[in-house]
$ cat coords.cif   # mmCIF, C-alpha atoms
data_model
#
loop_
_atom_site.label_atom_id
_atom_site.label_comp_id
_atom_site.auth_asym_id
_atom_site.auth_seq_id
_atom_site.Cartn_x
_atom_site.Cartn_y
_atom_site.Cartn_z
CA MET A 1 -9.28 19.09 31.51
CA ALA A 2 -8.73 22.69 32.57
CA TYR A 3 -11.66 24.58 34.12
CA VAL A 4 -13.93 26.21 31.51
CA SER A 5 -16.52 28.78 32.57
CA MET A 6 -20.01 28.78 31.11
CA GLY A 7 -19.29 32.06 29.34
CA GLU A 8 -16.06 30.76 27.81
CA ALA A 9 -17.79 27.57 26.72
CA HIS A 10 -20.51 29.58 25.01
CA ARG A 11 -17.89 31.72 23.27
CA ARG A 12 -16.00 28.67 21.91
CA ILE A 13 -19.16 27.04 20.58
CA THR A 14 -20.46 30.18 18.86
CA ASP A 15 -16.98 30.79 17.44
CA TYR A 16 -17.04 27.33 15.82
CA LEU A 17 -20.58 27.81 14.52
CA ASN A 18 -19.66 31.17 13.00
CA ARG A 19 -16.54 29.72 11.39
CA PHE A 20 -18.55 26.84 9.95
CA SER A 21 -21.35 28.92 8.45
CA ASP A 22 -18.98 31.66 7.23
CA ALA A 23 -16.75 29.07 5.51
CA ILE A 24 -19.73 27.65 3.60
CA TYR A 25 -21.24 31.02 2.68
CA SER A 26 -17.88 32.29 1.42
CA GLN A 27 -16.86 28.88 -0.03
CA ASP A 28 -13.68 28.97 2.05
CA VAL A 29 -12.54 25.34 1.83
CA VAL A 30 -9.28 25.97 3.71
CA SER A 31 -11.21 27.04 6.82
CA LEU A 32 -13.99 24.48 6.39
CA LYS A 33 -11.78 21.40 6.14
CA LEU A 34 -10.05 22.23 9.44
CA LEU A 35 -13.40 22.10 11.23
CA PHE A 36 -13.68 18.37 10.40
CA SER A 37 -10.06 17.47 11.05
CA PHE A 38 -9.92 15.62 14.35
CA SER A 39 -6.39 14.43 13.58
CA SER A 40 -4.58 17.65 12.73
CA ASN A 41 -6.67 20.40 14.35
CA THR A 42 -6.79 19.11 17.91
CA HIS A 43 -5.51 22.40 19.37
CA PHE A 44 -8.82 23.99 18.31
CA LEU A 45 -11.27 21.06 18.42
CA LEU A 46 -10.36 19.54 21.79
CA PRO A 47 -11.00 22.80 23.68
CA LEU A 48 -14.31 22.94 21.79
CA ALA A 49 -15.11 19.43 23.06
CA ASP A 50 -14.42 20.62 26.62
CA ALA A 51 -16.79 23.54 26.03
CA LEU A 52 -19.51 21.20 24.75
CA ASN A 53 -19.24 19.13 27.91
CA VAL A 54 -19.75 22.28 30.02
CA PHE A 55 -22.41 24.00 27.91
CA GLN A 56 -25.04 21.29 27.44
CA ASP A 57 -27.42 23.35 25.33
CA ALA A 58 -25.48 23.68 22.07
CA ASN A 59 -28.31 22.03 20.11
CA ARG A 60 -30.66 24.85 21.13
CA LEU A 61 -28.15 27.42 19.93
CA ILE A 62 -28.10 25.74 16.52
CA LYS A 63 -31.87 25.30 16.17
CA GLN A 64 -32.74 28.86 17.24
CA SER A 65 -30.47 30.51 14.68
CA ASP A 66 -31.35 30.69 10.99
CA LYS A 67 -27.65 31.05 10.28
CA TYR A 68 -26.78 27.73 11.92
CA SER A 69 -29.94 25.62 11.77
CA GLN A 70 -29.68 24.77 8.06
CA PHE A 71 -26.42 22.96 8.84
CA GLY A 72 -27.77 21.30 11.98
CA GLU A 73 -27.80 17.79 10.50
CA ILE A 74 -24.06 18.13 9.94
CA ILE A 75 -23.03 20.00 13.08
CA VAL A 76 -25.15 18.33 15.79
CA PRO A 77 -23.77 14.80 15.21
CA LEU A 78 -20.30 16.28 14.61
CA PHE A 79 -20.44 17.88 18.07
CA ARG A 80 -21.59 14.57 19.55
CA SER A 81 -18.73 12.78 17.81
CA LEU A 82 -16.24 15.31 19.13
CA GLN A 83 -17.49 14.91 22.70
CA ASN A 84 -17.15 11.14 22.53
CA TYR A 85 -13.75 11.46 20.85
CA ARG A 86 -12.57 13.68 23.70
CA ILE A 87 -13.42 11.09 26.38
CA GLY A 88 -12.03 8.20 24.34
CA ASN A 89 -15.36 6.62 23.44
CA LEU A 90 -14.32 5.93 19.87
CA VAL A 91 -17.13 3.62 18.78
CA ASP A 92 -19.79 6.23 19.58
CA ALA A 93 -17.53 8.90 18.10
CA TYR A 94 -17.46 6.92 14.85
CA HIS A 95 -21.24 6.47 14.74
CA ALA A 96 -21.86 10.19 15.16
CA PHE A 97 -19.11 11.17 12.71
CA GLU A 98 -20.56 8.87 10.04
CA LYS A 99 -23.98 10.48 10.51
CA SER A 100 -22.44 13.94 10.12
CA ALA A 101 -20.43 12.78 7.09
CA ASN A 102 -23.56 11.46 5.37
CA ALA A 103 -25.33 14.79 5.92
CA PHE A 104 -22.33 16.68 4.52
CA LEU A 105 -22.21 14.36 1.49
CA GLN A 106 -25.86 15.18 0.78
CA GLU A 107 -25.09 18.91 0.86
CA PHE A 108 -22.01 18.39 -1.30
CA ARG A 109 -24.11 16.49 -3.83
CA ASN A 110 -26.44 19.49 -4.14
CA TRP A 111 -23.66 22.05 -4.67
CA GLU A 112 -23.01 22.61 -8.34
CA SER A 113 -19.30 23.33 -8.06
CA ALA A 114 -16.50 21.29 -6.48
CA TRP A 115 -15.35 24.08 -4.16
CA ALA A 116 -15.65 21.88 -1.01
CA LEU A 117 -13.76 18.89 -2.43
CA GLU A 118 -10.83 19.19 -0.02
CA SER A 119 -13.27 19.13 2.92
CA LEU A 120 -14.64 15.86 1.56
CA TYR A 121 -11.05 14.56 1.39
CA VAL A 122 -10.62 15.35 5.10
CA ILE A 123 -13.90 13.61 5.95
CA ALA A 124 -12.86 10.54 3.92
CA TYR A 125 -9.52 10.41 5.72
CA GLU A 126 -10.94 11.03 9.18
CA ILE A 127 -13.70 8.44 8.90
CA ARG A 128 -11.15 5.79 7.90
CA VAL A 129 -8.76 6.62 10.74
CA LEU A 130 -11.59 6.89 13.28
CA ALA A 131 -13.00 3.55 12.11
CA GLU A 132 -9.62 1.86 12.60
CA ARG A 133 -9.40 3.20 16.15
CA ALA A 134 -13.01 2.26 16.90
CA ASP A 135 -12.33 -1.30 15.70
CA ARG A 136 -9.35 -1.54 18.03
CA GLU A 137 -11.65 -0.49 20.89
CA LEU A 138 -14.23 -3.11 19.89
CA ALA A 139 -11.61 -5.84 19.63
CA ALA A 140 -10.18 -4.90 23.03
CA ASN A 141 -13.66 -5.35 24.51
CA GLY A 142 -14.10 -8.75 22.89
CA LYS A 143 -16.53 -7.49 20.24
CA SER A 144 -16.46 -7.90 16.48
CA PRO A 145 -14.62 -5.04 14.73
CA GLU A 146 -16.94 -3.75 12.02
CA LYS A 147 -16.47 0.00 11.70
CA LEU A 148 -13.74 -0.08 9.05
CA LYS A 149 -16.04 -2.14 6.84
CA ALA A 150 -18.78 0.46 7.45
CA ALA A 151 -16.34 3.25 6.54
CA GLY A 152 -15.65 1.42 3.28
CA SER A 153 -19.39 1.38 2.51
CA PHE A 154 -19.60 5.13 3.18
CA LEU A 155 -16.60 5.82 0.93
CA MET A 156 -18.21 3.82 -1.87
CA LYS A 157 -21.12 6.26 -1.64
CA VAL A 158 -18.65 9.15 -1.84
CA PHE A 159 -17.03 7.50 -4.86
CA GLY A 160 -20.44 7.26 -6.52
CA VAL A 161 -21.01 10.99 -6.03
CA LEU A 162 -17.60 11.89 -7.45
CA ALA A 163 -17.34 9.44 -10.33
CA GLY A 164 -19.83 11.22 -12.56
CA LYS A 165 -19.29 14.12 -14.89
CA GLY A 166 -18.02 17.57 -14.01
CA ALA A 167 -15.25 19.01 -11.88
CA LYS A 168 -16.04 16.85 -8.84
CA ARG A 169 -14.75 13.72 -10.58
CA VAL A 170 -11.13 14.74 -9.95
CA GLY A 171 -11.71 13.67 -6.34
CA ALA A 172 -12.56 10.09 -7.27
CA LEU A 173 -8.93 8.94 -7.21
CA TYR A 174 -8.31 10.24 -3.67
CA VAL A 175 -11.35 8.37 -2.39
CA THR A 176 -10.26 5.27 -4.32
CA CYS A 177 -6.92 5.37 -2.50
CA GLN A 178 -8.69 5.59 0.86
CA LEU A 179 -10.78 2.57 -0.15
CA PHE A 180 -7.61 0.68 -1.09
CA LYS A 181 -6.19 1.36 2.37
CA ILE A 182 -9.33 -0.05 3.95
CA TYR A 183 -9.45 -3.14 1.72
CA PHE A 184 -5.78 -3.94 2.30
CA LYS A 185 -6.23 -3.46 6.04
CA LEU A 186 -9.26 -5.78 6.09
CA GLY A 187 -7.64 -8.35 3.80
CA THR A 188 -10.40 -7.92 1.22
CA VAL A 189 -8.17 -6.80 -1.66
CA HIS A 190 -10.47 -8.47 -4.19
CA LEU A 191 -12.86 -5.55 -3.63
CA CYS A 192 -10.27 -3.22 -5.16
CA ARG A 193 -11.02 -4.70 -8.58
CA SER A 194 -14.52 -3.25 -8.82
CA VAL A 195 -13.24 0.24 -8.04
CA ILE A 196 -10.39 -0.12 -10.53
CA ARG A 197 -12.83 -1.24 -13.21
CA SER A 198 -15.03 1.77 -12.50
CA ILE A 199 -12.10 4.10 -13.08
CA ASP A 200 -10.74 2.24 -16.11
CA THR A 201 -14.03 1.66 -17.94
CA ALA A 202 -15.77 4.94 -17.17
CA ARG A 203 -12.76 6.99 -18.32
CA ILE A 204 -13.95 9.59 -15.87
CA PHE A 205 -10.76 11.62 -16.17
CA ASP A 206 -7.44 11.57 -17.95
CA PHE A 207 -5.19 9.85 -15.39
CA GLU A 208 -2.40 12.38 -15.83
CA GLU A 209 -4.76 15.18 -14.81
CA PHE A 210 -5.33 13.76 -11.34
CA PRO A 211 -3.20 15.27 -8.53
CA LYS A 212 0.28 13.75 -8.36
CA ARG A 213 -0.21 12.66 -4.74
CA ASP A 214 -3.25 10.58 -5.68
CA LYS A 215 -1.59 9.09 -8.78
CA VAL A 216 1.39 7.90 -6.74
CA THR A 217 -0.83 6.31 -4.09
CA TYR A 218 -3.04 4.69 -6.72
CA MET A 219 -0.07 3.20 -8.58
CA TYR A 220 1.44 1.97 -5.29
CA TYR A 221 -1.68 0.02 -4.35
CA THR A 222 -2.47 -1.27 -7.83
CA GLY A 223 1.20 -2.29 -8.10
CA ARG A 224 0.86 -4.26 -4.86
CA LEU A 225 -2.21 -5.96 -6.29
CA GLU A 226 -0.18 -7.05 -9.31
CA VAL A 227 2.51 -8.44 -6.97
CA PHE A 228 -0.12 -10.59 -5.24
CA ASN A 229 -1.31 -11.79 -8.65
CA GLU A 230 2.33 -12.46 -9.68
CA ASN A 231 1.88 -10.20 -12.69
CA PHE A 232 5.41 -8.85 -12.42
CA PRO A 233 5.65 -6.77 -15.64
CA ASP A 234 2.57 -4.73 -14.64
CA ALA A 235 3.73 -4.59 -11.00
CA ASP A 236 7.09 -3.27 -12.19
CA GLN A 237 5.45 -0.62 -14.37
CA LYS A 238 3.08 0.62 -11.65
CA LEU A 239 5.49 0.57 -8.72
CA SER A 240 8.20 2.18 -10.84
CA TYR A 241 5.74 4.95 -11.74
CA ALA A 242 4.99 5.46 -8.05
CA LEU A 243 8.71 5.61 -7.23
CA THR A 244 9.56 8.00 -10.07
CA HIS A 245 6.79 10.44 -9.16
CA CYS A 246 7.06 10.17 -5.37
CA ASN A 247 8.28 13.25 -3.53
CA PRO A 248 12.04 12.63 -3.16
CA ARG A 249 11.94 14.07 0.36
CA SER A 250 9.32 11.52 1.46
CA GLU A 251 11.77 8.79 2.42
CA ALA A 252 9.13 6.83 4.34
CA ASN A 253 6.93 6.65 1.23
CA ILE A 254 9.88 5.72 -0.98
CA ARG A 255 10.70 2.92 1.44
CA MET A 256 7.11 1.63 1.27
CA ILE A 257 7.27 1.52 -2.52
CA LEU A 258 10.69 -0.15 -2.60
CA LYS A 259 9.54 -2.80 -0.14
CA TYR A 260 7.44 -4.22 -3.00
CA LEU A 261 9.37 -2.98 -6.02
CA ILE A 262 12.60 -4.72 -4.96
CA PRO A 263 11.07 -8.24 -4.93
CA VAL A 264 9.49 -7.48 -8.32
CA LYS A 265 12.83 -6.33 -9.75
CA LEU A 266 14.57 -9.41 -8.33
CA SER A 267 11.96 -11.61 -10.00
CA ILE A 268 12.81 -10.17 -13.41
CA GLY A 269 16.56 -10.36 -12.86
CA ILE A 270 17.35 -6.78 -11.80
CA LEU A 271 19.37 -6.46 -8.60
CA PRO A 272 19.42 -3.29 -6.45
CA GLU A 273 22.62 -1.65 -5.27
CA GLU A 274 23.63 -2.11 -1.63
CA TRP A 275 23.65 1.65 -0.96
CA MET A 276 19.93 1.81 -1.77
CA LEU A 277 19.11 -0.97 0.68
CA GLU A 278 21.09 0.79 3.40
CA LYS A 279 19.71 4.27 2.67
CA TYR A 280 16.09 3.16 2.93
CA ASN A 281 16.63 0.63 5.73
CA LEU A 282 15.75 -2.40 3.61
CA VAL A 283 18.73 -4.46 4.66
CA GLU A 284 16.52 -7.56 4.99
CA TYR A 285 17.04 -7.87 1.22
CA SER A 286 20.85 -7.65 1.38
CA ASN A 287 21.56 -11.37 1.79
CA ILE A 288 18.94 -12.25 -0.80
CA VAL A 289 20.70 -10.03 -3.33
CA GLN A 290 24.07 -11.54 -2.36
CA ALA A 291 22.65 -15.05 -2.74
CA LEU A 292 21.53 -14.20 -6.28
CA ARG A 293 24.93 -12.73 -7.14
CA ARG A 294 26.84 -15.74 -5.78
CA GLY A 295 24.47 -18.57 -6.57
CA ASP A 296 24.37 -19.36 -2.85
CA LEU A 297 21.24 -21.36 -2.10
CA ARG A 298 22.12 -21.72 1.57
CA LEU A 299 22.35 -17.93 2.01
CA LEU A 300 18.99 -17.41 0.28
CA ARG A 301 17.20 -19.91 2.51
CA HIS A 302 18.85 -18.48 5.62
CA ALA A 303 17.74 -14.94 4.65
CA LEU A 304 14.17 -16.11 4.04
CA GLN A 305 14.08 -17.90 7.37
CA GLU A 306 15.60 -14.98 9.28
CA HIS A 307 13.06 -12.44 7.96
CA GLU A 308 10.15 -14.82 7.41
CA ASP A 309 7.66 -12.93 9.59
CA ARG A 310 8.41 -9.60 7.92
CA PHE A 311 8.16 -11.02 4.40
CA LEU A 312 4.93 -12.85 5.22
CA ARG A 313 3.36 -9.67 6.62
CA SER A 314 4.34 -7.80 3.47
CA GLY A 315 2.98 -10.57 1.27
CA VAL A 316 6.24 -11.02 -0.66
CA TYR A 317 7.52 -14.25 0.90
CA LEU A 318 6.30 -16.51 -1.91
CA VAL A 319 7.73 -14.12 -4.50
CA LEU A 320 11.15 -14.27 -2.84
CA GLU A 321 10.98 -18.03 -2.33
CA LYS A 322 10.66 -18.50 -6.10
CA LEU A 323 14.04 -16.83 -6.56
CA GLU A 324 15.60 -20.25 -5.85
CA LEU A 325 15.54 -21.03 -9.57
CA GLN A 326 17.61 -17.94 -10.35
CA VAL A 327 20.06 -18.90 -7.59
CA PHE A 328 20.41 -22.39 -9.08
CA GLN A 329 20.99 -20.85 -12.50
CA ARG A 330 23.75 -18.65 -11.08
CA LEU A 331 25.37 -21.62 -9.31
CA PHE A 332 25.36 -23.72 -12.47
CA LYS A 333 26.81 -20.81 -14.43
CA LYS A 334 29.68 -20.50 -11.92
CA ILE A 335 30.41 -24.22 -12.28
CA TYR A 336 30.33 -23.80 -16.06
CA ILE A 337 32.81 -20.90 -15.91
CA ILE A 338 35.22 -22.90 -13.71
CA GLN A 339 35.01 -25.89 -16.07
CA LYS A 340 35.60 -23.66 -19.06
CA GLN A 341 38.78 -22.32 -17.48
CA LYS A 342 40.04 -25.85 -16.81
CA ASP A 343 39.00 -27.54 -20.06
CA PRO A 344 37.28 -25.28 -22.64
CA SER A 345 36.52 -28.21 -24.98
CA LYS A 346 34.30 -29.93 -22.38
CA ALA A 347 32.84 -26.88 -20.66
CA HIS A 348 29.41 -27.44 -22.22
CA GLN A 349 29.17 -30.94 -20.69
CA MET A 350 28.23 -30.63 -17.01
CA LYS A 351 28.07 -33.77 -14.89
CA LEU A 352 25.26 -33.85 -12.38
CA GLU A 353 27.71 -35.23 -9.79
CA VAL A 354 29.69 -31.99 -10.00
CA ILE A 355 26.55 -30.01 -9.18
CA VAL A 356 25.79 -32.35 -6.25
CA LYS A 357 29.32 -31.76 -4.87
CA ALA A 358 28.94 -27.97 -5.20
CA LEU A 359 25.66 -28.13 -3.28
CA LYS A 360 27.25 -30.27 -0.57
CA TRP A 361 29.98 -27.66 -0.22
CA LEU A 362 27.12 -25.20 0.46
CA GLU A 363 25.75 -27.68 3.02
CA MET A 364 22.79 -28.45 0.74
CA ASP A 365 22.23 -32.20 0.75
CA MET A 366 20.71 -33.24 -2.61
CA ASP A 367 21.11 -36.42 -4.62
CA VAL A 368 21.56 -36.76 -8.36
CA ASP A 369 17.85 -37.35 -9.01
CA GLU A 370 16.88 -34.14 -7.20
CA VAL A 371 19.49 -32.15 -9.13
CA GLU A 372 18.30 -33.67 -12.40
CA CYS A 373 14.75 -32.55 -11.58
CA ILE A 374 15.93 -28.98 -10.85
CA VAL A 375 17.92 -28.81 -14.09
CA ALA A 376 14.89 -30.05 -16.01
CA ILE A 377 12.84 -27.20 -14.53
CA LEU A 378 15.55 -24.67 -15.42
CA ILE A 379 15.59 -25.92 -19.01
CA HIS A 380 11.79 -25.84 -19.18
CA LYS A 381 11.72 -22.25 -17.88
CA ASN A 382 14.44 -21.17 -20.32
CA LEU A 383 16.92 -20.36 -17.55
CA VAL A 384 19.28 -22.96 -19.03
CA LYS A 385 19.66 -23.93 -22.70
CA GLY A 386 20.58 -27.58 -23.17
CA TYR A 387 19.42 -31.17 -22.88
CA PHE A 388 20.09 -34.31 -20.83
CA ALA A 389 22.31 -37.22 -21.73
CA HIS A 390 20.47 -39.48 -19.29
CA LYS A 391 22.73 -42.54 -19.47
CA SER A 392 25.84 -40.59 -18.54
CA LYS A 393 24.02 -38.23 -16.14
CA VAL A 394 25.32 -35.18 -18.01
CA VAL A 395 23.70 -31.89 -18.96
CA VAL A 396 24.79 -30.87 -22.44
CA LEU A 397 24.70 -27.08 -22.55
CA SER A 398 24.14 -24.96 -25.63
CA LYS A 399 27.37 -23.51 -26.98
CA GLN A 400 25.58 -20.20 -27.55
CA ASP A 401 24.17 -18.36 -24.54
CA PRO A 402 23.63 -21.41 -22.28
CA PHE A 403 22.36 -19.21 -19.41
CA PRO A 404 19.91 -16.65 -20.87
CA LYS A 405 19.42 -13.42 -18.95
CA LEU A 406 15.93 -12.41 -17.92
CA ASN A 407 16.48 -8.84 -19.13
CA GLY A 408 13.49 -7.51 -17.25
CA ARG A 409 11.19 -10.43 -18.11
CA PRO A 410 9.68 -12.76 -15.51
CA VAL A 411 10.81 -16.36 -15.46
CA ASN A 412 9.25 -18.43 -18.26
CA SER A 413 7.42 -15.47 -19.79
#
$ encode --input "coords.cif" --output "structure tokens"
Amino acid sequence: MAYVSMGEAHRRITDYLNRFSDAIYSQDVVSLKLLFSFSSNTHFLLPLADALNVFQDANRLIKQSDKYSQFGEIIVPLFRSLQNYRIGNLVDAYHAFEKSANAFLQEFRNWESAWALESLYVIAYEIRVLAERADRELAANGKSPEKLKAAGSFLMKVFGVLAGKGAKRVGALYVTCQLFKIYFKLGTVHLCRSVIRSIDTARIFDFEEFPKRDKVTYMYYTGRLEVFNENFPDADQKLSYALTHCNPRSEANIRMILKYLIPVKLSIGILPEEWMLEKYNLVEYSNIVQALRRGDLRLLRHALQEHEDRFLRSGVYLVLEKLELQVFQRLFKKIYIIQKQKDPSKAHQMKLEVIVKALKWLEMDMDVDEVECIVAILIHKNLVKGYFAHKSKVVVLSKQDPFPKLNGRPVNS
């Protein structure tokens, strides 16, 4: 920390106090939101923190001035948070920031208009990020991380303030998205449902009138929820909405959406092009797509094993594992095509032994009984049309469309 004189420290503190009070009196949200932004306004706030550590009497300055004192419950803990943030004491920084945020929320509740909404957005974002960092500090010290959960409780209060009538309700979706980020981080995604119900049942705002940024984020997270619930048609609709409306220059965000949309599309029989996987650095899906195209069970299992950790972290491993049935369907179809070329009159009669040999060629060791079980599942799930001739160990395929396409439908829907 560079040397700061007492006079310079006093100047920095009074400058901040003047900016804060002037921003509220003039309803200047652009200036006000920067005064809470620890993440993006460090060039201004960190020197202020240094000044606070030199000039120890900032509280007196606030209390003795009518201009500043009415905002003391917001500013005093905010200053304390900033001082702790500066020295890396993130747990105490979080505690003080939450106290300041609660005081600001009370003021915001009393204001009739929504002029300060963007400042509340910054507070919602900062409290989540600060809570994550505080939890890492707690965990590093062998203590239970609990601040992100506390931030979620605060944001539920914010949601309650915004989800009523009037212009403030447009902010409810932004806060919802911050809550989603917390719940996904904590692994408590079931809590998302209550917030979603509040938005859906209250009809607090026409969805299309929310800001595009918030709609994209909302659809991304609700789409991920549908993936976890294996509700692929709804997951497809929501993630596709997020992709269509995402800023085309935000390649990182597009990649995040595709990471979940691709498994959904694969599950309903739609394969992505290789250029897309390469462009957005999602090459872990390349061999899975090739396995589906070729009917190569060995390649699918190898791809799942190679990227197992990544797929498990994303929560899509089980979705991808279930693609085996589509791979089997493709393999059987290839055998059918070869038989049809050799002897068209008997193409619809497929011996189970032939399938066993094809699997052995792929280094997949299965006996006739196992293959019969797989074919039975394919028939049951309408991936194959036909029936068994059990005595002769033959699958008799339908002469019309023996291998139905999914055409955007999930298996067995």
$ closest_residue --input "coords.cif" --among "A:Leu225, A:Ala58, A:Ala252, A:Val395" --to "Lys279 (chain A)" --atoms "only C-alpha atoms"
A:Ala252
$ residues_around --input "coords.cif" --residues "Leu297 (chain A)" --least-positions-apart "2" --cutoff "10 Å" --atoms "all atoms listed in the file" --output "number ranges by chain"
A: 288, 291-292, 294-295, 299-303, 323-328, 330-331, 359, 362-364
$ residues_around --input "coords.cif" --residues "Ser286 (chain A)" --least-positions-apart "3" --cutoff "7 Å" --atoms "all atoms listed in the file" --output "list in words"
Glu274, Leu277, Val283, Val289 and Gln290 of chain A
$ atom_distance --input "coords.cif" --atom1 "CA of Pro263 (chain A)" --atom2 "CA of Gly187 (chain A)"
20.6 Å
$ residues_around --input "coords.cif" --residues "region 383-388 of chain A" --least-positions-apart "6" --cutoff "7 Å" --atoms "only C-alpha atoms" --output "JSON, numbers by chain"
{"A": [329, 394, 395, 396, 397, 398, 402, 403, 404]}
$ write_last_selection --input "coords.cif" --atoms "C-alpha atoms" --output "PDB file, keeping the file's coordinate frame"
ATOM      1  CA  GLN A 329      20.990 -20.850 -12.500  1.00  0.00           C
ATOM      2  CA  VAL A 394      25.320 -35.180 -18.010  1.00  0.00           C
ATOM      3  CA  VAL A 395      23.700 -31.890 -18.960  1.00  0.00           C
ATOM      4  CA  VAL A 396      24.790 -30.870 -22.440  1.00  0.00           C
ATOM      5  CA  LEU A 397      24.700 -27.080 -22.550  1.00  0.00           C
ATOM      6  CA  SER A 398      24.140 -24.960 -25.630  1.00  0.00           C
ATOM      7  CA  PRO A 402      23.630 -21.410 -22.280  1.00  0.00           C
ATOM      8  CA  PHE A 403      22.360 -19.210 -19.410  1.00  0.00           C
ATOM      9  CA  PRO A 404      19.910 -16.650 -20.870  1.00  0.00           C
TER      10      PRO A 404
END
$ resolve_selection --input "coords.cif" --expression "the PyMOL selection byres ((chain A and resi 123-135) around 9)" --output "JSON, numbers by chain"
{"A": [33, 36, 37, 38, 39, 89, 90, 91, 92, 93, 94, 97, 98, 101, 118, 119, 120, 121, 122, 136, 137, 138, 139, 140, 143, 144, 145, 146, 147, 148, 149, 150, 151, 152, 154, 155, 158, 174, 175, 178, 179, 181, 182]}
